[in-house]
>>> print(open('upload12.cif').read())   # mmCIF, C-alpha atoms
data_final
#
loop_
_atom_site.group_PDB
_atom_site.id
_atom_site.type_symbol
_atom_site.label_atom_id
_atom_site.label_comp_id
_atom_site.auth_asym_id
_atom_site.auth_seq_id
_atom_site.Cartn_x
_atom_site.Cartn_y
_atom_site.Cartn_z
ATOM 1 C CA MET A 1 36.959 24.930 84.982
ATOM 2 C CA ASN A 2 34.593 24.925 87.963
ATOM 3 C CA LEU A 3 32.880 27.944 89.503
ATOM 4 C CA ALA A 4 35.229 28.121 92.498
ATOM 5 C CA SER A 5 38.309 28.267 90.253
ATOM 6 C CA SER A 6 36.696 30.950 88.123
ATOM 7 C CA LYS A 7 36.042 33.114 91.163
ATOM 8 C CA ARG A 8 39.624 32.723 92.342
ATOM 9 C CA ILE A 9 41.000 33.790 88.971
ATOM 10 C CA GLN A 10 38.809 36.893 89.006
ATOM 11 C CA GLN A 11 39.983 37.967 92.468
ATOM 12 C CA PRO A 12 42.950 40.109 91.326
ATOM 13 C CA ASN A 13 40.652 42.104 89.031
ATOM 14 C CA ASN A 14 38.357 42.771 91.989
ATOM 15 C CA THR A 15 41.395 43.966 93.889
ATOM 16 C CA ILE A 16 42.231 46.433 91.111
ATOM 17 C CA LYS A 17 38.710 47.854 91.174
ATOM 18 C CA GLN A 18 38.851 48.124 94.963
ATOM 19 C CA HIS A 19 42.096 50.117 94.915
ATOM 20 C CA LEU A 20 41.133 52.308 91.976
ATOM 21 C CA ASP A 21 37.657 53.398 93.066
ATOM 22 C CA LEU A 22 36.875 57.107 92.859
ATOM 23 C CA LEU A 23 36.916 57.800 96.602
ATOM 24 C CA HIS A 24 40.276 56.083 97.014
ATOM 25 C CA LEU A 25 41.827 58.098 94.184
ATOM 26 C CA LEU A 26 40.263 61.300 95.518
ATOM 27 C CA ALA A 27 41.785 60.633 98.938
ATOM 28 C CA VAL A 28 45.161 59.888 97.365
ATOM 29 C CA GLY A 29 45.007 63.073 95.298
ATOM 30 C CA ILE A 30 43.968 65.399 98.125
ATOM 31 C CA SER A 31 46.340 63.984 100.728
ATOM 32 C CA GLY A 32 49.207 63.899 98.240
ATOM 33 C CA ALA A 33 48.570 67.464 97.087
ATOM 34 C CA VAL A 34 48.488 68.775 100.660
ATOM 35 C CA ALA A 35 51.642 66.882 101.647
ATOM 36 C CA ARG A 36 53.638 67.859 98.542
ATOM 37 C CA THR A 37 52.575 71.490 98.769
ATOM 38 C CA PHE A 38 53.549 71.620 102.438
ATOM 39 C CA VAL A 39 57.106 70.451 101.715
ATOM 40 C CA ALA A 40 57.403 72.099 98.265
ATOM 41 C CA PRO A 41 59.915 74.779 99.401
ATOM 42 C CA LEU A 42 62.182 72.069 100.820
ATOM 43 C CA GLU A 43 61.774 69.977 97.668
ATOM 44 C CA ARG A 44 62.762 72.972 95.534
ATOM 45 C CA LEU A 45 65.696 73.701 97.850
ATOM 46 C CA LYS A 46 66.846 70.098 97.440
ATOM 47 C CA ILE A 47 66.948 70.498 93.650
ATOM 48 C CA LEU A 48 68.813 73.805 93.943
ATOM 49 C CA MET A 49 71.364 72.234 96.317
ATOM 50 C CA GLN A 50 71.829 69.274 93.960
ATOM 51 C CA THR A 51 72.491 71.557 90.977
ATOM 52 C CA ASP A 52 74.473 74.218 92.885
ATOM 53 C CA SER A 53 77.849 72.746 91.939
ATOM 54 C CA LEU A 54 77.005 73.204 88.244
ATOM 55 C CA THR A 55 76.816 76.980 88.646
ATOM 56 C CA GLY A 56 80.055 77.308 90.620
ATOM 57 C CA ARG A 57 78.505 79.985 92.854
ATOM 58 C CA LYS A 58 77.985 77.829 95.975
ATOM 59 C CA LYS A 59 74.864 79.735 97.014
ATOM 60 C CA PHE A 60 73.130 76.612 98.285
ATOM 61 C CA SER A 61 75.971 74.869 100.108
ATOM 62 C CA SER A 62 73.958 74.431 103.332
ATOM 63 C CA LEU A 63 70.323 74.228 104.383
ATOM 64 C CA TRP A 64 70.205 77.625 106.112
ATOM 65 C CA LYS A 65 72.259 79.433 103.468
ATOM 66 C CA GLY A 66 70.265 77.839 100.676
ATOM 67 C CA MET A 67 66.895 78.731 102.193
ATOM 68 C CA LYS A 68 68.035 82.326 102.788
ATOM 69 C CA THR A 69 69.280 82.643 99.202
ATOM 70 C CA MET A 70 66.088 81.132 97.802
ATOM 71 C CA VAL A 71 63.851 83.518 99.788
ATOM 72 C CA GLN A 72 65.928 86.564 98.842
ATOM 73 C CA GLY A 73 65.780 85.612 95.153
ATOM 74 C CA GLU A 74 61.975 85.759 95.038
ATOM 75 C CA THR A 75 59.603 88.727 95.077
ATOM 76 C CA SER A 76 56.864 86.781 96.905
ATOM 77 C CA LEU A 77 56.352 83.612 98.929
ATOM 78 C CA MET A 78 54.711 81.970 95.912
ATOM 79 C CA GLY A 79 58.152 81.801 94.324
ATOM 80 C CA LEU A 80 59.153 79.219 96.912
ATOM 81 C CA PHE A 81 56.647 76.819 95.349
ATOM 82 C CA ARG A 82 58.030 76.862 91.796
ATOM 83 C CA GLY A 83 57.517 73.481 90.134
ATOM 84 C CA ASN A 84 54.994 72.297 92.721
ATOM 85 C CA ALA A 85 52.046 72.283 90.302
ATOM 86 C CA ALA A 86 53.795 69.775 88.032
ATOM 87 C CA ASN A 87 54.579 67.666 91.084
ATOM 88 C CA VAL A 88 50.965 67.677 92.302
ATOM 89 C CA ILE A 89 49.456 66.919 88.876
ATOM 90 C CA ARG A 90 51.364 63.616 88.769
ATOM 91 C CA ILE A 91 49.842 62.197 91.964
ATOM 92 C CA VAL A 92 46.632 60.527 90.736
ATOM 93 C CA PRO A 93 47.992 59.334 87.338
ATOM 94 C CA THR A 94 51.002 57.839 89.122
ATOM 95 C CA ALA A 95 48.757 55.990 91.586
ATOM 96 C CA ILE A 96 46.552 54.629 88.792
ATOM 97 C CA ILE A 97 49.470 53.410 86.684
ATOM 98 C CA GLN A 98 51.439 51.889 89.557
ATOM 99 C CA LEU A 99 48.542 50.108 91.264
ATOM 100 C CA SER A 100 47.153 48.812 87.977
ATOM 101 C CA ALA A 101 50.560 47.523 86.908
ATOM 102 C CA VAL A 102 51.213 45.832 90.266
ATOM 103 C CA PHE A 103 47.962 43.892 90.325
ATOM 104 C CA LEU A 104 47.992 43.048 86.625
ATOM 105 C CA ILE A 105 51.543 41.684 86.866
ATOM 106 C CA ARG A 106 50.598 39.699 89.966
ATOM 107 C CA GLU A 107 47.658 38.212 88.105
ATOM 108 C CA LYS A 108 49.732 37.253 85.063
ATOM 109 C CA LEU A 109 52.441 35.649 87.206
ATOM 110 C CA GLY A 110 49.926 33.898 89.464
ATOM 111 C CA TYR A 111 50.732 35.683 92.733
ATOM 112 C CA ASN A 112 48.215 36.538 95.463
ATOM 113 C CA ASP A 113 49.304 38.725 98.396
ATOM 114 C CA GLU A 114 45.902 39.652 99.802
ATOM 115 C CA PRO A 115 45.657 38.158 103.332
ATOM 116 C CA ARG A 116 41.923 37.469 103.155
ATOM 117 C CA LYS A 117 42.406 35.401 100.000
ATOM 118 C CA GLN A 118 45.326 33.298 101.159
ATOM 119 C CA SER A 119 42.989 31.381 103.439
ATOM 120 C CA VAL A 120 41.429 29.904 100.309
ATOM 121 C CA GLN A 121 43.636 27.112 99.014
ATOM 122 C CA SER A 122 44.264 27.807 95.359
ATOM 123 C CA LYS A 123 46.607 26.265 92.835
ATOM 124 C CA GLU A 124 46.283 29.303 90.603
ATOM 125 C CA PHE A 125 47.618 31.901 93.053
ATOM 126 C CA LYS A 126 50.462 31.891 95.589
ATOM 127 C CA PRO A 127 52.081 34.511 97.853
ATOM 128 C CA SER A 128 55.074 36.326 96.370
ATOM 129 C CA SER A 129 58.498 36.590 97.995
ATOM 130 C CA GLY A 130 60.142 39.831 99.109
ATOM 131 C CA SER A 131 62.385 39.945 96.033
ATOM 132 C CA THR A 132 59.381 39.374 93.765
ATOM 133 C CA LYS A 133 57.520 42.240 95.457
ATOM 134 C CA ILE A 134 60.483 44.539 94.774
ATOM 135 C CA ALA A 135 60.655 43.444 91.132
ATOM 136 C CA ILE A 136 56.922 43.847 90.511
ATOM 137 C CA ALA A 137 56.702 47.224 92.255
ATOM 138 C CA GLY A 138 59.864 48.377 90.491
ATOM 139 C CA VAL A 139 58.432 47.545 87.071
ATOM 140 C CA SER A 140 55.232 49.413 87.957
ATOM 141 C CA GLY A 141 57.374 52.403 88.907
ATOM 142 C CA LEU A 142 59.159 52.229 85.558
ATOM 143 C CA CYS A 143 55.809 52.277 83.749
ATOM 144 C CA ALA A 144 54.687 55.383 85.639
ATOM 145 C CA GLY A 145 58.109 56.989 85.262
ATOM 146 C CA VAL A 146 58.138 56.669 81.474
ATOM 147 C CA ALA A 147 54.518 57.783 81.053
ATOM 148 C CA LEU A 148 54.816 60.865 83.261
ATOM 149 C CA TYR A 149 58.447 61.856 82.783
ATOM 150 C CA PRO A 150 57.678 65.095 80.841
ATOM 151 C CA LEU A 151 56.066 66.418 84.043
ATOM 152 C CA GLU A 152 59.163 65.451 86.036
ATOM 153 C CA PHE A 153 61.318 67.159 83.417
ATOM 154 C CA ILE A 154 59.424 70.444 83.510
ATOM 155 C CA ARG A 155 59.189 70.352 87.298
ATOM 156 C CA GLY A 156 62.966 70.457 87.461
ATOM 157 C CA ARG A 157 63.156 73.287 84.935
ATOM 158 C CA LEU A 158 60.568 75.350 86.806
ATOM 159 C CA SER A 159 62.204 74.672 90.179
ATOM 160 C CA VAL A 160 65.550 76.197 89.195
ATOM 161 C CA GLN A 161 63.934 79.382 87.881
ATOM 162 C CA SER A 162 63.957 82.575 89.920
ATOM 163 C CA ALA A 163 62.327 85.995 89.789
ATOM 164 C CA SER A 164 65.273 87.322 87.773
ATOM 165 C CA HIS A 165 65.460 84.348 85.410
ATOM 166 C CA CYS A 166 62.089 82.954 84.393
ATOM 167 C CA PRO A 167 62.007 81.698 80.788
ATOM 168 C CA TYR A 168 58.947 79.488 81.374
ATOM 169 C CA ASN A 169 55.540 80.854 82.398
ATOM 170 C CA GLY A 170 54.138 77.507 83.471
ATOM 171 C CA ILE A 171 53.913 73.791 82.743
ATOM 172 C CA LEU A 172 52.363 73.957 79.268
ATOM 173 C CA HIS A 173 54.458 76.908 78.170
ATOM 174 C CA GLY A 174 57.616 75.163 79.366
ATOM 175 C CA LEU A 175 56.792 71.910 77.578
ATOM 176 C CA ARG A 176 55.803 73.687 74.352
ATOM 177 C CA SER A 177 58.938 75.842 74.409
ATOM 178 C CA SER A 178 61.243 72.852 74.981
ATOM 179 C CA ILE A 179 59.616 70.824 72.212
ATOM 180 C CA ARG A 180 59.613 73.764 69.794
ATOM 181 C CA GLN A 181 63.262 74.600 70.450
ATOM 182 C CA THR A 182 64.878 71.149 70.636
ATOM 183 C CA GLY A 183 62.268 68.588 69.584
ATOM 184 C CA LEU A 184 59.880 66.156 71.260
ATOM 185 C CA LEU A 185 62.639 64.007 72.757
ATOM 186 C CA SER A 186 63.931 67.010 74.698
ATOM 187 C CA VAL A 187 61.278 66.503 77.398
ATOM 188 C CA TYR A 188 62.721 63.029 78.002
ATOM 189 C CA ARG A 189 66.246 64.222 78.750
ATOM 190 C CA GLY A 190 67.522 62.510 81.867
ATOM 191 C CA LEU A 191 65.022 59.654 81.530
ATOM 192 C CA THR A 192 67.644 56.913 81.860
ATOM 193 C CA PRO A 193 69.126 57.994 85.211
ATOM 194 C CA SER A 194 65.618 58.814 86.379
ATOM 195 C CA LEU A 195 64.450 55.270 85.680
ATOM 196 C CA LEU A 196 67.530 53.861 87.380
ATOM 197 C CA GLY A 197 66.428 55.764 90.476
ATOM 198 C CA VAL A 198 62.741 54.897 90.140
ATOM 199 C CA PHE A 199 63.226 51.135 90.260
ATOM 200 C CA PRO A 200 65.008 50.880 93.622
ATOM 201 C CA TYR A 201 62.933 53.653 95.219
ATOM 202 C CA VAL A 202 59.493 52.358 94.257
ATOM 203 C CA GLY A 203 60.529 48.737 94.664
ATOM 204 C CA ILE A 204 62.020 49.102 98.143
ATOM 205 C CA SER A 205 59.270 51.464 99.316
ATOM 206 C CA TYR A 206 56.422 49.220 98.193
ATOM 207 C CA ALA A 207 58.075 46.008 99.367
ATOM 208 C CA THR A 208 58.810 47.484 102.814
ATOM 209 C CA TYR A 209 55.230 48.730 103.117
ATOM 210 C CA ASP A 210 53.816 45.408 101.932
ATOM 211 C CA GLN A 211 55.883 43.451 104.444
ATOM 212 C CA LEU A 212 55.164 45.752 107.399
ATOM 213 C CA ARG A 213 51.414 45.976 106.869
ATOM 214 C CA HIS A 214 50.955 42.327 107.914
ATOM 215 C CA PHE A 215 52.199 43.168 111.433
ATOM 216 C CA PHE A 216 49.842 46.110 112.032
ATOM 217 C CA PRO A 217 46.085 46.328 112.764
ATOM 218 C CA LYS A 218 43.785 45.900 109.759
ATOM 219 C CA LEU A 219 40.321 47.102 108.839
ATOM 220 C CA GLN A 220 37.468 44.938 110.088
ATOM 221 C CA ASP A 221 35.670 44.866 106.730
ATOM 222 C CA GLY A 222 37.321 41.703 105.456
ATOM 223 C CA SER A 223 39.478 43.545 102.928
ATOM 224 C CA GLY A 224 42.744 42.755 104.694
ATOM 225 C CA LEU A 225 43.866 46.371 104.246
ATOM 226 C CA PRO A 226 45.649 48.225 107.083
ATOM 227 C CA THR A 227 43.957 50.910 109.170
ATOM 228 C CA ALA A 228 44.732 54.567 108.433
ATOM 229 C CA THR A 229 47.266 54.744 111.257
ATOM 230 C CA SER A 230 48.920 51.497 110.173
ATOM 231 C CA ALA A 231 49.105 52.700 106.568
ATOM 232 C CA VAL A 232 50.750 55.988 107.621
ATOM 233 C CA ILE A 233 53.352 54.204 109.749
ATOM 234 C CA CYS A 234 54.140 51.536 107.152
ATOM 235 C CA GLY A 235 54.181 54.070 104.320
ATOM 236 C CA SER A 236 56.460 56.454 106.214
ATOM 237 C CA VAL A 237 58.958 53.749 107.103
ATOM 238 C CA GLY A 238 58.907 52.410 103.549
ATOM 239 C CA SER A 239 59.400 55.843 102.003
ATOM 240 C CA LEU A 240 62.181 56.794 104.437
ATOM 241 C CA THR A 241 64.024 53.537 103.821
ATOM 242 C CA ALA A 242 63.717 53.770 100.040
ATOM 243 C CA GLN A 243 64.632 57.443 99.817
ATOM 244 C CA THR A 244 67.736 56.964 101.966
ATOM 245 C CA LEU A 245 69.004 54.025 99.906
ATOM 246 C CA ALA A 246 68.147 55.525 96.505
ATOM 247 C CA TYR A 247 69.128 59.147 97.177
ATOM 248 C CA PRO A 248 72.565 58.974 95.473
ATOM 249 C CA LEU A 249 70.808 58.043 92.236
ATOM 250 C CA ASP A 250 68.433 60.996 92.671
ATOM 251 C CA THR A 251 71.402 63.341 93.052
ATOM 252 C CA CYS A 252 73.012 61.865 89.942
ATOM 253 C CA ARG A 253 69.791 62.411 87.963
#
>>> encode(input="upload12.cif", output="structure tokens")
Amino acid sequence: MNLASSKRIQQPNNTIKQHLDLLHLLAVGISGAVARTFVAPLERLKILMQTDSLTGRKKFSSLWKGMKTMVQGETSLMGLFRGNAANVIRIVPTAIIQLSAVFLIREKLGYNDEPRKQSVQSKEFKPSSGSTKIAIAGVSGLCAGVALYPLEFIRGRLSVQSASHCPYNGILHGLRSSIRQTGLLSVYRGLTPSLLGVFPYVGISYATYDQLRHFFPKLQDGSGLPTATSAVICGSVGSLTAQTLAYPLDTCR
């Protein structure tokens, strides 16, 4: 194998290091924490509206009625953010697992979707199709979903608590109590429908983003990555599209 071929084979690993550097993960963590905290009351309200039919009380049958009921059921504004800590903690680990899985799978299958590298003719790597992007990103979402599901489980439990009914004092207490009462597998209840929802959401979101980013301005550093504005636009459209299409599965979960 000549030197040029060796460099081409090592390119995906360089891509992994580029996407997983400390500053990138720090930016992902901070921006994700701010965004999730900002919409945490609405996220909690969504869970309460999804589970309202199970109680038979119909207290969260509409957005306004649900928000009013949620506020009245708490003794402070902090109660509106129940479950948010578990949601925020997952941000960086999810990014590490998903990005690592995407680029490792691409490397194993011989795909190369970095624009700056496609100019180099290589027999080892080729661009992937839209369906392949969805499959690869979906598998990466499954990996993150399985690894971090206990946090998703306890987030749901904490979100449906109220000031008058609060059996769990926090993430660790909730996980320990569930495991002590019903066993280790209890924190994986609902994993199957959750994974069924993860695959289409992550797959469609990532594939939409990956397709759109080629049509928007890119950084002038030779990386082929989109500018901040382009990334926000592509990411927003991808997330909106995926969430709309996969929402029925989220409700079922």
>>> closest_residue(input="upload12.cif", among="A:Thr241, A:Ser100, A:Thr37, A:Gln220", to="Tyr201 in chain A", atoms="all atoms listed in the file")
A:Thr241
>>> residues_around(input="upload12.cif", residues="Ser62 in chain A", least_positions_apart="4", cutoff="12 Å", atoms="all atoms listed in the file", output="number ranges by chain")
A: 45-46, 48-50, 52, 58, 66-70
>>> resolve_selection(input="upload12.cif", expression="the PyMOL selection byres ((chain A and resi 252) around 12)", output="list in words")
Ile47, Gln50, Thr51, Gly190, Leu191, Thr192, Pro193, Ser194, Leu195, Leu196, Gly197, Ala246, Tyr247, Pro248, Leu249, Asp250, Thr251 and Arg253 of chain A
>>> axis_aligned_box(input="upload12.cif", around="range 22-26 of chain A", padding_each_side="4 Å", output="AutoDock Vina command-line options")
--center_x 39.4 --center_y 58.7 --center_z 94.9 --size_x 13.0 --size_y 13.2 --size_z 12.2
>>> atom_distance(input="upload12.cif", atom1="CA of Leu109 in chain A", atom2="CA of Gly203 in chain A")
17.1 Å
>>> residues_around(input="upload12.cif", residues="Ala33 in chain A", least_positions_apart="6", cutoff="12 Å", atoms="only C-alpha atoms", output="short mmCIF file (atom, residue, chain, number, x, y, z; two decimals) with C-alpha atoms, in the frame of the given file")
data_model
loop_
_atom_site.label_atom_id
_atom_site.label_comp_id
_atom_site.auth_asym_id
_atom_site.auth_seq_id
_atom_site.Cartn_x
_atom_site.Cartn_y
_atom_site.Cartn_z
CA LEU A 25 41.83 58.10 94.18
CA LEU A 26 40.26 61.30 95.52
CA ALA A 27 41.78 60.63 98.94
CA VAL A 39 57.11 70.45 101.72
CA ALA A 40 57.40 72.10 98.26
CA ASN A 84 54.99 72.30 92.72
CA ALA A 85 52.05 72.28 90.30
CA ALA A 86 53.80 69.78 88.03
CA ASN A 87 54.58 67.67 91.08
CA VAL A 88 50.96 67.68 92.30
CA ILE A 89 49.46 66.92 88.88
CA ARG A 90 51.36 63.62 88.77
CA ILE A 91 49.84 62.20 91.96
CA VAL A 92 46.63 60.53 90.74
#
>>> resolve_selection(input="upload12.cif", expression="the PyMOL selection byres ((chain A and resi 235) around 12)", output="list in words")
Val202, Ile204, Ser205, Tyr206, Ala207, Thr208, Tyr209, Asp210, Gln211, Leu212, Arg213, Phe216, Pro226, Thr227, Ala228, Thr229, Ser230, Ala231, Val232, Ile233, Cys234, Ser236, Val237, Gly238, Ser239, Leu240, Thr241, Ala242 and Gln243 of chain A
>>> resolve_selection(input="upload12.cif", expression="the PyMOL selection byres ((chain A and resi 141) around 7)", output="PyMOL selection string")
chain A and resi 98+137-140+142-145+198-199+202
>>> atom_distance(input="upload12.cif", atom1="CA of Arg189 in chain A", atom2="CA of Ala147 in chain A")
13.6 Å
>>> residues_around(input="upload12.cif", residues="Ser162 in chain A", least_positions_apart="5", cutoff="8 Å", atoms="only C-alpha atoms", output="PyMOL selection string")
chain A and resi 73-74+79
>>> atom_distance(input="upload12.cif", atom1="CA of Asp221 in chain A", atom2="CA of Leu23 in chain A")
16.5 Å
>>> closest_residue(input="upload12.cif", among="A:Tyr149, A:Val34, A:Ser61, A:Lys133", to="Leu185 in chain A", atoms="all atoms listed in the file")
A:Tyr149
>>> residues_around(input="upload12.cif", residues="range 167-170 of chain A", least_positions_apart="5", cutoff="12 Å", atoms="all atoms listed in the file", output="list in words")
Arg82, Gly83, Asn84, Ala85, Ala86, Leu151, Ile154, Arg155, Gly156, Arg157, Leu158, Ser159, Val160, Gln161, Ser162, Leu175, Arg176, Ser177 and Ser178 of chain A
